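Peer 1: Coordinates in model.pdb, PDB, C-alpha atoms and all ligand atoms, are listed below.
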```pdb
ATOM      1  CA  MET V   1      -1.065  11.414 -31.794
ATOM      2  CA  SER V   2      -0.997  14.969 -30.362
ATOM      3  CA  SER V   3       1.945  16.063 -28.224
ATOM      4  CA  LYS V   4      -0.244  17.580 -25.463
ATOM      5  CA  THR V   5       0.684  16.740 -21.875
ATOM      6  CA  LEU V   6      -0.989  17.403 -18.510
ATOM      7  CA  SER V   7       0.367  18.957 -15.338
ATOM      8  CA  LYS V   8       0.943  16.429 -12.567
ATOM      9  CA  GLU V   9      -2.161  17.568 -10.706
ATOM     10  CA  GLU V  10      -4.307  17.446 -13.857
ATOM     11  CA  TYR V  11      -2.963  14.006 -14.672
ATOM     12  CA  LEU V  12      -3.924  12.690 -11.258
ATOM     13  CA  THR V  13      -7.247  14.430 -10.841
ATOM     14  CA  LYS V  14      -8.380  13.731 -14.431
ATOM     15  CA  ALA V  15      -8.198  10.038 -13.591
ATOM     16  CA  LYS V  16     -11.590  10.533 -11.985
ATOM     17  CA  ASP V  17     -13.145  11.600 -15.294
ATOM     18  CA  LEU V  18     -12.193   8.307 -16.850
ATOM     19  CA  LEU V  19     -14.431   6.379 -14.505
ATOM     20  CA  SER V  20     -17.214   4.142 -15.609
ATOM     21  CA  GLY V  21     -20.253   6.413 -15.322
ATOM     22  CA  ASN V  22     -21.997   6.662 -11.995
ATOM     23  CA  GLN V  23     -21.918   2.991 -11.199
ATOM     24  CA  LYS V  24     -21.255   2.067  -7.569
ATOM     25  CA  PRO V  25     -18.291  -0.198  -6.898
ATOM     26  CA  LEU V  26     -19.332  -3.825  -7.090
ATOM     27  CA  GLN V  27     -20.280  -5.267  -3.701
ATOM     28  CA  LEU V  28     -19.003  -8.813  -3.822
ATOM     29  CA  GLU V  29     -21.230 -11.625  -2.702
ATOM     30  CA  SER V  30     -18.282 -13.698  -1.634
ATOM     31  CA  ALA V  31     -14.691 -13.116  -0.668
ATOM     32  CA  ASP V  32     -13.530 -15.769  -3.110
ATOM     33  CA  PHE V  33      -9.902 -14.875  -3.820
ATOM     34  CA  PHE V  34     -10.186 -14.916  -7.623
ATOM     35  CA  LEU V  35     -13.256 -12.699  -7.531
ATOM     36  CA  VAL V  36     -11.625 -10.252  -5.118
ATOM     37  CA  ALA V  37      -8.452 -10.068  -7.216
ATOM     38  CA  LYS V  38     -10.433  -9.503 -10.417
ATOM     39  CA  GLU V  39     -12.912  -7.027  -8.986
ATOM     40  CA  ARG V  40     -10.530  -4.797  -7.022
ATOM     41  CA  ARG V  41     -10.310  -1.536  -8.877
ATOM     42  CA  SER V  42      -8.791   1.803  -7.986
ATOM     43  CA  VAL V  43     -11.690   3.819  -6.607
ATOM     44  CA  ARG V  44     -11.337   7.583  -6.501
ATOM     45  CA  SER V  45     -14.770   8.615  -5.153
ATOM     46  CA  TYR V  46     -15.791   7.809  -1.590
ATOM     47  CA  ASP V  47     -18.761   8.432   0.667
ATOM     48  CA  PRO V  48     -17.372  11.204   2.898
ATOM     49  CA  THR V  49     -20.106  10.648   5.504
ATOM     50  CA  PHE V  50     -19.225   7.015   6.048
ATOM     51  CA  GLN V  51     -17.450   6.277   9.336
ATOM     52  CA  MET V  52     -15.348   3.183   8.960
ATOM     53  CA  PRO V  53     -15.039   1.272  12.243
ATOM     54  CA  ASP V  54     -11.491   1.049  13.561
ATOM     55  CA  GLU V  55     -11.974  -2.716  14.007
ATOM     56  CA  ASP V  56     -12.342  -3.062  10.238
ATOM     57  CA  ILE V  57      -9.171  -1.078   9.610
ATOM     58  CA  LEU V  58      -7.390  -3.269  12.161
ATOM     59  CA  GLU V  59      -8.717  -6.463  10.560
ATOM     60  CA  ILE V  60      -7.505  -5.318   7.156
ATOM     61  CA  LEU V  61      -4.048  -4.528   8.530
ATOM     62  CA  GLU V  62      -3.936  -7.744  10.565
ATOM     63  CA  THR V  63      -4.614  -9.674   7.364
ATOM     64  CA  ALA V  64      -2.134  -7.587   5.390
ATOM     65  CA  ILE V  65       0.765  -8.261   7.776
ATOM     66  CA  GLN V  66       0.520 -11.955   6.955
ATOM     67  CA  ALA V  67       2.380 -10.967   3.766
ATOM     68  CA  PRO V  68       5.832 -12.407   3.135
ATOM     69  CA  SER V  69       8.898 -10.217   3.675
ATOM     70  CA  SER V  70      12.620 -10.549   3.186
ATOM     71  CA  SER V  71      13.932 -12.796   6.020
ATOM     72  CA  ASN V  72      10.534 -12.263   7.663
ATOM     73  CA  LEU V  73      11.768  -8.910   8.955
ATOM     74  CA  GLN V  74       8.356  -7.278   8.421
ATOM     75  CA  PRO V  75       9.713  -3.769   7.877
ATOM     76  CA  TRP V  76       6.268  -2.298   7.147
ATOM     77  CA  ARG V  77       5.003   0.484   9.345
ATOM     78  CA  PHE V  78       1.581   2.076   8.952
ATOM     79  CA  LEU V  79       0.493   5.605   9.619
ATOM     80  CA  VAL V  80      -3.313   5.650   9.513
ATOM     81  CA  ILE V  81      -4.581   9.160   8.863
ATOM     82  CA  LYS V  82      -8.234   9.440   9.895
ATOM     83  CA  ASP V  83      -8.412  12.912  11.361
ATOM     84  CA  GLN V  84     -10.265  15.164   8.905
ATOM     85  CA  GLU V  85      -8.035  18.178   9.547
ATOM     86  CA  LEU V  86      -4.946  16.104   8.895
ATOM     87  CA  LYS V  87      -6.500  14.728   5.705
ATOM     88  CA  GLN V  88      -7.095  18.346   4.641
ATOM     89  CA  GLU V  89      -3.441  19.042   5.356
ATOM     90  CA  LEU V  90      -2.486  16.063   3.214
ATOM     91  CA  LEU V  91      -4.715  17.131   0.297
ATOM     92  CA  PRO V  92      -2.369  19.677  -1.342
ATOM     93  CA  ILE V  93       0.617  17.414  -0.611
ATOM     94  CA  ALA V  94      -1.206  14.718  -2.620
ATOM     95  CA  ASN V  95      -1.877  16.975  -5.623
ATOM     96  CA  ASN V  96      -5.431  17.726  -4.479
ATOM     97  CA  GLN V  97      -6.658  14.216  -5.147
ATOM     98  CA  GLN V  98     -10.113  14.346  -3.573
ATOM     99  CA  GLN V  99     -10.065  10.767  -2.333
ATOM    100  CA  VAL V 100      -7.623  11.926   0.338
ATOM    101  CA  VAL V 101     -10.372  13.870   2.114
ATOM    102  CA  GLU V 102     -13.382  11.747   1.061
ATOM    103  CA  ALA V 103     -12.082   8.323   2.064
ATOM    104  CA  SER V 104     -12.464   7.195   5.679
ATOM    105  CA  ALA V 105      -8.724   6.851   6.085
ATOM    106  CA  VAL V 106      -5.484   7.243   4.236
ATOM    107  CA  ILE V 107      -2.975   4.590   5.141
ATOM    108  CA  ALA V 108       0.600   5.679   4.616
ATOM    109  CA  VAL V 109       2.536   2.483   4.059
ATOM    110  CA  LEU V 110       6.095   3.034   5.217
ATOM    111  CA  SER V 111       9.036   0.678   5.292
ATOM    112  CA  ASP V 112      11.752   0.764   7.923
ATOM    113  CA  ILE V 113      15.203   0.518   6.335
ATOM    114  CA  GLU V 114      16.485  -0.378   9.800
ATOM    115  CA  GLY V 115      13.863  -3.087  10.232
ATOM    116  CA  TYR V 116      16.598  -5.724  10.387
ATOM    117  CA  LYS V 117      17.376  -4.473  13.901
ATOM    118  CA  ASN V 118      14.248  -6.345  15.026
ATOM    119  CA  ALA V 119      15.747  -9.679  13.979
ATOM    120  CA  ASP V 120      16.384 -10.799  17.563
ATOM    121  CA  LYS V 121      12.848  -9.900  18.601
ATOM    122  CA  ILE V 122      11.376 -11.846  15.688
ATOM    123  CA  TYR V 123      13.577 -14.931  15.804
ATOM    124  CA  GLY V 124      13.948 -14.824  19.597
ATOM    125  CA  LYS V 125      10.233 -15.497  19.870
ATOM    126  CA  LEU V 126      10.608 -18.622  17.755
ATOM    127  CA  ALA V 127      13.492 -19.796  19.968
ATOM    128  CA  GLU V 128      11.485 -19.080  23.133
ATOM    129  CA  GLU V 129       8.565 -21.063  21.803
ATOM    130  CA  GLY V 130      10.881 -23.980  21.090
ATOM    131  CA  MET V 131      10.470 -23.691  17.351
ATOM    132  CA  MET V 132      14.086 -22.795  16.711
ATOM    133  CA  ASP V 133      17.279 -23.960  18.328
ATOM    134  CA  LYS V 134      18.783 -21.132  20.419
ATOM    135  CA  ASP V 135      22.281 -21.403  18.854
ATOM    136  CA  LEU V 136      20.806 -21.441  15.380
ATOM    137  CA  LYS V 137      18.694 -18.417  16.290
ATOM    138  CA  ASP V 138      21.801 -16.514  17.437
ATOM    139  CA  ALA V 139      23.690 -17.400  14.268
ATOM    140  CA  TYR V 140      20.695 -16.463  12.159
ATOM    141  CA  VAL V 141      20.235 -13.104  13.857
ATOM    142  CA  ASN V 142      23.962 -12.299  13.683
ATOM    143  CA  SER V 143      23.944 -13.068   9.959
ATOM    144  CA  ILE V 144      20.949 -10.820   9.389
ATOM    145  CA  ILE V 145      22.455  -7.930  11.347
ATOM    146  CA  LYS V 146      25.744  -8.299   9.475
ATOM    147  CA  GLY V 147      24.181  -8.819   6.047
ATOM    148  CA  TYR V 148      21.381  -6.269   6.083
ATOM    149  CA  GLY V 149      23.498  -3.846   8.100
ATOM    150  CA  SER V 150      26.062  -3.696   5.288
ATOM    151  CA  PHE V 151      23.580  -3.101   2.466
ATOM    152  CA  SER V 152      24.177  -0.007   0.349
ATOM    153  CA  PRO V 153      21.441   2.642   0.798
ATOM    154  CA  GLU V 154      20.099   1.700  -2.677
ATOM    155  CA  LYS V 155      19.873  -1.990  -1.807
ATOM    156  CA  ALA V 156      18.291  -1.259   1.594
ATOM    157  CA  LEU V 157      15.685   0.909  -0.110
ATOM    158  CA  GLN V 158      14.993  -1.728  -2.759
ATOM    159  CA  VAL V 159      14.353  -4.411  -0.127
ATOM    160  CA  ALA V 160      12.165  -2.012   1.853
ATOM    161  CA  MET V 161      10.099  -1.145  -1.223
ATOM    162  CA  ILE V 162       9.579  -4.763  -2.247
ATOM    163  CA  ASP V 163       8.305  -5.726   1.209
ATOM    164  CA  GLY V 164       6.226  -2.549   1.400
ATOM    165  CA  GLY V 165       4.672  -3.295  -1.978
ATOM    166  CA  LEU V 166       3.673  -6.794  -0.932
ATOM    167  CA  VAL V 167       1.919  -5.614   2.215
ATOM    168  CA  SER V 168       0.234  -2.800   0.286
ATOM    169  CA  MET V 169      -1.307  -5.252  -2.159
ATOM    170  CA  GLN V 170      -2.612  -7.326   0.733
ATOM    171  CA  ILE V 171      -4.216  -4.216   2.255
ATOM    172  CA  MET V 172      -6.063  -3.531  -0.998
ATOM    173  CA  LEU V 173      -7.234  -7.108  -1.439
ATOM    174  CA  ALA V 174      -8.278  -7.517   2.209
ATOM    175  CA  ALA V 175     -10.230  -4.260   1.983
ATOM    176  CA  LYS V 176     -12.057  -5.426  -1.135
ATOM    177  CA  ALA V 177     -12.843  -8.773   0.473
ATOM    178  CA  MET V 178     -14.404  -6.877   3.386
ATOM    179  CA  GLY V 179     -16.589  -4.690   1.166
ATOM    180  CA  TYR V 180     -14.351  -1.624   1.041
ATOM    181  CA  ASP V 181     -12.461   0.057  -1.758
ATOM    182  CA  THR V 182      -9.012   1.542  -2.091
ATOM    183  CA  VAL V 183      -6.710   3.411  -4.390
ATOM    184  CA  ALA V 184      -2.942   3.307  -4.151
ATOM    185  CA  MET V 185      -1.330   6.716  -4.488
ATOM    186  CA  GLY V 186       2.188   7.547  -5.519
ATOM    187  CA  GLY V 187       1.151  10.998  -6.672
ATOM    188  CA  TYR V 188       2.200  13.017  -3.633
ATOM    189  CA  ASP V 189       5.176  15.080  -2.563
ATOM    190  CA  GLU V 190       7.194  12.681  -0.462
ATOM    191  CA  GLY V 191       9.414  15.350   1.107
ATOM    192  CA  LYS V 192       6.471  17.487   2.168
ATOM    193  CA  PHE V 193       4.608  14.441   3.477
ATOM    194  CA  VAL V 194       7.562  13.307   5.586
ATOM    195  CA  GLU V 195       7.959  16.797   7.003
ATOM    196  CA  ALA V 196       4.283  17.497   7.702
ATOM    197  CA  PHE V 197       3.612  14.098   9.309
ATOM    198  CA  HIS V 198       6.928  13.864  11.189
ATOM    199  CA  VAL V 199       7.870  10.570   9.560
ATOM    200  CA  PRO V 200      11.103   9.214  11.108
ATOM    201  CA  ALA V 201      14.093   9.321   8.731
ATOM    202  CA  ASN V 202      14.448   5.515   8.595
ATOM    203  CA  PHE V 203      10.768   5.003   7.625
ATOM    204  CA  LYS V 204      10.627   5.282   3.836
ATOM    205  CA  PRO V 205       7.229   6.023   2.295
ATOM    206  CA  VAL V 206       6.100   3.239  -0.030
ATOM    207  CA  MET V 207       2.684   4.583  -1.033
ATOM    208  CA  LEU V 208      -0.474   6.130   0.360
ATOM    209  CA  ILE V 209      -3.656   4.068   0.212
ATOM    210  CA  ALA V 210      -7.067   5.745   0.425
ATOM    211  CA  LEU V 211      -9.532   3.393   2.087
ATOM    212  CA  GLY V 212     -13.284   3.690   2.536
ATOM    213  CA  LYS V 213     -16.772   3.087   1.209
ATOM    214  CA  GLY V 214     -16.482   3.532  -2.538
ATOM    215  CA  GLU V 215     -19.056   5.784  -4.133
ATOM    216  CA  LYS V 216     -18.262   5.359  -7.835
ATOM    217  CA  ALA V 217     -16.832   2.292  -9.509
ATOM    218  CA  GLY V 218     -13.252   2.444 -10.682
ATOM    219  CA  ARG V 219     -12.314   2.126 -14.315
ATOM    220  CA  VAL V 220     -13.069  -1.074 -16.141
ATOM    221  CA  LYS V 221      -9.922  -3.198 -16.242
ATOM    222  CA  ASN V 222      -7.614  -2.339 -19.091
ATOM    223  CA  ARG V 223      -4.673  -4.673 -19.288
ATOM    224  CA  MET V 224      -2.178  -5.564 -21.961
ATOM    225  CA  PRO V 225      -2.757  -9.127 -23.082
ATOM    226  CA  LEU V 226      -0.860 -11.687 -21.041
ATOM    227  CA  GLU V 227       1.075 -12.839 -24.102
ATOM    228  CA  ASP V 228       2.588  -9.331 -24.391
ATOM    229  CA  VAL V 229       4.122  -9.548 -20.932
ATOM    230  CA  LEU V 230       4.900 -13.250 -20.611
ATOM    231  CA  THR V 231       8.012 -15.158 -21.642
ATOM    232  CA  TRP V 232       8.626 -18.767 -20.738
ATOM    233  CA  ASN V 233      12.040 -19.978 -19.635
ATOM    234  CA  LYS V 234      14.566 -17.422 -21.012
ATOM    235  CA  TYR V 235      14.799 -14.031 -22.752
TER
HETATM  236  C1  LIG V 301       2.272   2.529  -6.740
HETATM  237  C2  LIG V 301       0.980   3.064  -7.334
HETATM  238  C3  LIG V 301       0.768   4.427  -7.312
HETATM  239  C4  LIG V 301      -0.452   4.939  -7.802
HETATM  240  N1  LIG V 301      -0.691   6.274  -7.695
HETATM  241  C5  LIG V 301      -1.917   6.752  -8.013
HETATM  242  C6  LIG V 301      -2.242   8.098  -7.716
HETATM  243  O1  LIG V 301      -1.488   8.868  -7.153
HETATM  244  N2  LIG V 301      -3.486   8.525  -8.041
HETATM  245  C7  LIG V 301      -4.412   7.703  -8.634
HETATM  246  O2  LIG V 301      -5.515   8.173  -8.894
HETATM  247  N3  LIG V 301      -4.124   6.419  -8.916
HETATM  248  C8  LIG V 301      -2.901   5.912  -8.595
HETATM  249  N4  LIG V 301      -2.623   4.593  -8.796
HETATM  250  C9  LIG V 301      -3.654   3.689  -9.339
HETATM  251  C10 LIG V 301      -3.371   3.237 -10.766
HETATM  252  O3  LIG V 301      -3.644   4.283 -11.662
HETATM  253  C11 LIG V 301      -4.244   2.012 -11.050
HETATM  254  O4  LIG V 301      -3.835   0.960 -10.210
HETATM  255  C12 LIG V 301      -4.157   1.550 -12.497
HETATM  256  O5  LIG V 301      -4.683   2.523 -13.366
HETATM  257  C13 LIG V 301      -4.893   0.228 -12.724
HETATM  258  O6  LIG V 301      -6.246   0.352 -12.358
HETATM  259  P1  LIG V 301      -6.928  -0.605 -11.264
HETATM  260  O7  LIG V 301      -6.167  -0.391  -9.967
HETATM  261  O8  LIG V 301      -8.342  -0.094 -11.158
HETATM  262  O9  LIG V 301      -6.846  -2.003 -11.726
HETATM  263  C14 LIG V 301      -1.419   4.065  -8.355
HETATM  264  C15 LIG V 301      -1.160   2.681  -8.374
HETATM  265  C16 LIG V 301       0.019   2.191  -7.856
HETATM  266  C17 LIG V 301       0.243   0.706  -7.856
END
```
Output the structure of this file as structure tokens.
Peer 2:
Amino acid sequence: MSSKTLSKEEYLTKAKDLLSGNQKPLQLESADFFLVAKERRSVRSYDPTFQMPDEDILEILETAIQAPSSSNLQPWRFLVIKDQELKQELLPIANNQQQVVEASAVIAVLSDIEGYKNADKIYGKLAEEGMMDKDLKDAYVNSIIKGYGSFSPEKALQVAMIDGGLVSMQIMLAAKAMGYDTVAMGGYDEGKFVEAFHVPANFKPVMLIALGKGEKAGRVKNRMPLEDVLTWNKY
């Protein structure tokens, strides 16, 4: 094996050259879960002329926020970047990955490390609706504020990233089920992104997701065999 490496930008933009010819992404005939999960691929070429209706973006996000989260605190926050000039501004920050400007939208999935402060809002609603005893609600909320409020920064970030990852996956699957394509992106300069898009300090970027009408199919699935990654019962 040669010892050649690629620059970060080359590494990310070369991914496009590894695509499967000029095939279009597969348009699914049904939104059967197993089909959607198998057929979702990272798509890096989009129809730049396609205008994705806001209602579709909202439906995808509405579906995505049904994801589970730690203590149901739902720390995800979404910054949907649709404006073409802003996508152009994001392009160099995201290592010139063309999907940033070609896709209809780039969803920045963020996670609020202070999301636990919404505990009373979330559980208060349950109490109001008679689905939770008021005293239990108070005790529950107090425990959350005390527990999450004393997390180390590392632990708070870990929880935020887990919840943010779960909602991100749901975005990608919901998009595929609705006939759209996506690619998750970690290849961007987080500091520059936060600065340019005025992201509040407590909102930690999880990933960017390009979303739109796919133009070229993503790579054929290439996975290690299940037996290489699976252990039953104990290591
Ligand atoms: C957190 C995360 C970050 C990623 N970052 C990038 C990226 O910056 N650019 C890119 O082209 N693909 C990126 N990908 C896509 C992966 O390369 C892709 O998921 C992987 O090769 C498997 O292919 P598939 O998604 O088509 O199944 C990222 C995926 C994840 C989950």
Peer 1: Mind giving me the straight-line distance from atom CA of Met185 of chain V to atom CA of Leu12 of chain V in Å, one decimal?
Peer 2: 9.4 Å
Peer 1: Using all atoms listed in the file, tabulate the residues of chain V lying at most 6 Å from any atom of ligand LIG 301 (chain V), each with its closest atom pair and that distance in Å to one decimal, by chain and increasing residue number, as a Markdown table.
Peer 2:
```
| residue | atom | partner | partner_atom | distance |
| --- | --- | --- | --- | --- |
| V:Leu12 | CA | V:LIG301 | N2 | 5.3 |
| V:Ala15 | CA | V:LIG301 | O2 | 5.7 |
| V:Arg41 | CA | V:LIG301 | O8 | 3.3 |
| V:Ser42 | CA | V:LIG301 | O8 | 3.7 |
| V:Val183 | CA | V:LIG301 | C9 | 5.8 |
| V:Ala184 | CA | V:LIG301 | C14 | 4.5 |
| V:Met185 | CA | V:LIG301 | N1 | 3.3 |
| V:Gly186 | CA | V:LIG301 | N1 | 3.8 |
| V:Gly187 | CA | V:LIG301 | O1 | 3.4 |
| V:Gly218 | CA | V:LIG301 | O8 | 5.5 |
| V:Arg219 | CA | V:LIG301 | O8 | 5.5 |
| V:Lys221 | CA | V:LIG301 | O9 | 5.6 |
```
Peer 1: So what does the PyMOL selection byres (((chain V and resi 141-148) around 10) and not hetatm) actually pick up in this one, as number ranges by chain?
Peer 2: V: 71, 73, 113-124, 135-140, 149-152, 155-156, 159
Peer 1: Under the PyMOL selection byres (((chain V and resi 175) around 10) and not hetatm), which residues of this model are included? Write them out as a list of chain:residue names.
Peer 2: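 Applied to this file, the PyMOL selection byres (((chain V and resi 175) around 10) and not hetatm) returns V:Val36, V:Arg40, V:Asp56, V:Ile57, V:Glu59, V:Ile60, V:Leu61, V:Thr63, V:Ala64, V:Met169, V:Gln170, V:Ile171, V:Met172, V:Leu173, V:Ala174, V:Lys176, V:Ala177, V:Met178, V:Gly179, V:Tyr180, V:Asp181, V:Thr182, V:Leu211, V:Gly212, V:Lys213.
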Peer 1: For the atom pair atom CA of Ile93 of chain V and atom CA of Asp47 of chain V, what is the interatomic distance in Å to one decimal place?
Peer 2: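 Computing it gives 21.4 Å between the two atoms.
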Peer 1: Neighbouring residues of Asn22 of chain V were defined as those with any atom within 9 Å, considering all atoms listed in the file; residues of the same chain fewer than 4 positions away were excluded. Please report them as number ranges by chain.
Peer 2: V: 215-217
Peer 1: If I take atom CA of Gly164 of chain V and atom CA of Leu79 of chain V, how far is one from the other in Å, to one decimal?
Peer 2: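 That distance, rounded to one decimal, is 12.9 Å.
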Peer 1: Can you list, as an MDAnalysis selection string, the residues that the PyMOL selection byres (((chain V and resi 190) around 10) and not hetatm) selects here?
Peer 2: chainID V and resid 93:94 186:189 191:196 204:207
Peer 1: So that I can check the surroundings of Gln51 of chain V, please list as a list in words every protein, DNA and RNA residue that reaches within 7 Å of it, counting all atoms listed in the file and ignoring chain neighbours fewer than 2 positions away.
Peer 2: Thr49, Pro53 and Ser104 of chain V
Peer 1: Got a sec: who's within 9 Å of segment 107-110 of chain V, counting all atoms listed in the file, leaving out chain neighbours fewer than 6 positions off, as a list in words?
Peer 2: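 The residues satisfying every condition are Pro75, Trp76, Arg77, Phe78, Leu79, Val80, Ile81, Lys82, Ala160, Met161, Gly164, Gly165, Val167, Ser168, Val199, Phe203, Lys204, Pro205, Val206, Met207, Leu208, Ile209, Ala210 and Leu211 of chain V.
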Peer 1: Tell me which of V:Asn233, V:Asn95, V:Asn202, V:Ser70 sits closest to Ser111 of chain V, counting all atoms listed in the file.
Peer 2: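 Counting all atoms listed in the file, the residue closest to Ser111 of chain V is V:Asn202.
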Peer 1: Using only C-alpha atoms, find the one residue out of V:Leu26, V:Ala67, V:Leu86, V:Val43 that sits nearest to Asp163 of chain V.
Peer 2: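 The shortest atom-to-atom distance to Asp163 of chain V comes from V:Ala67.
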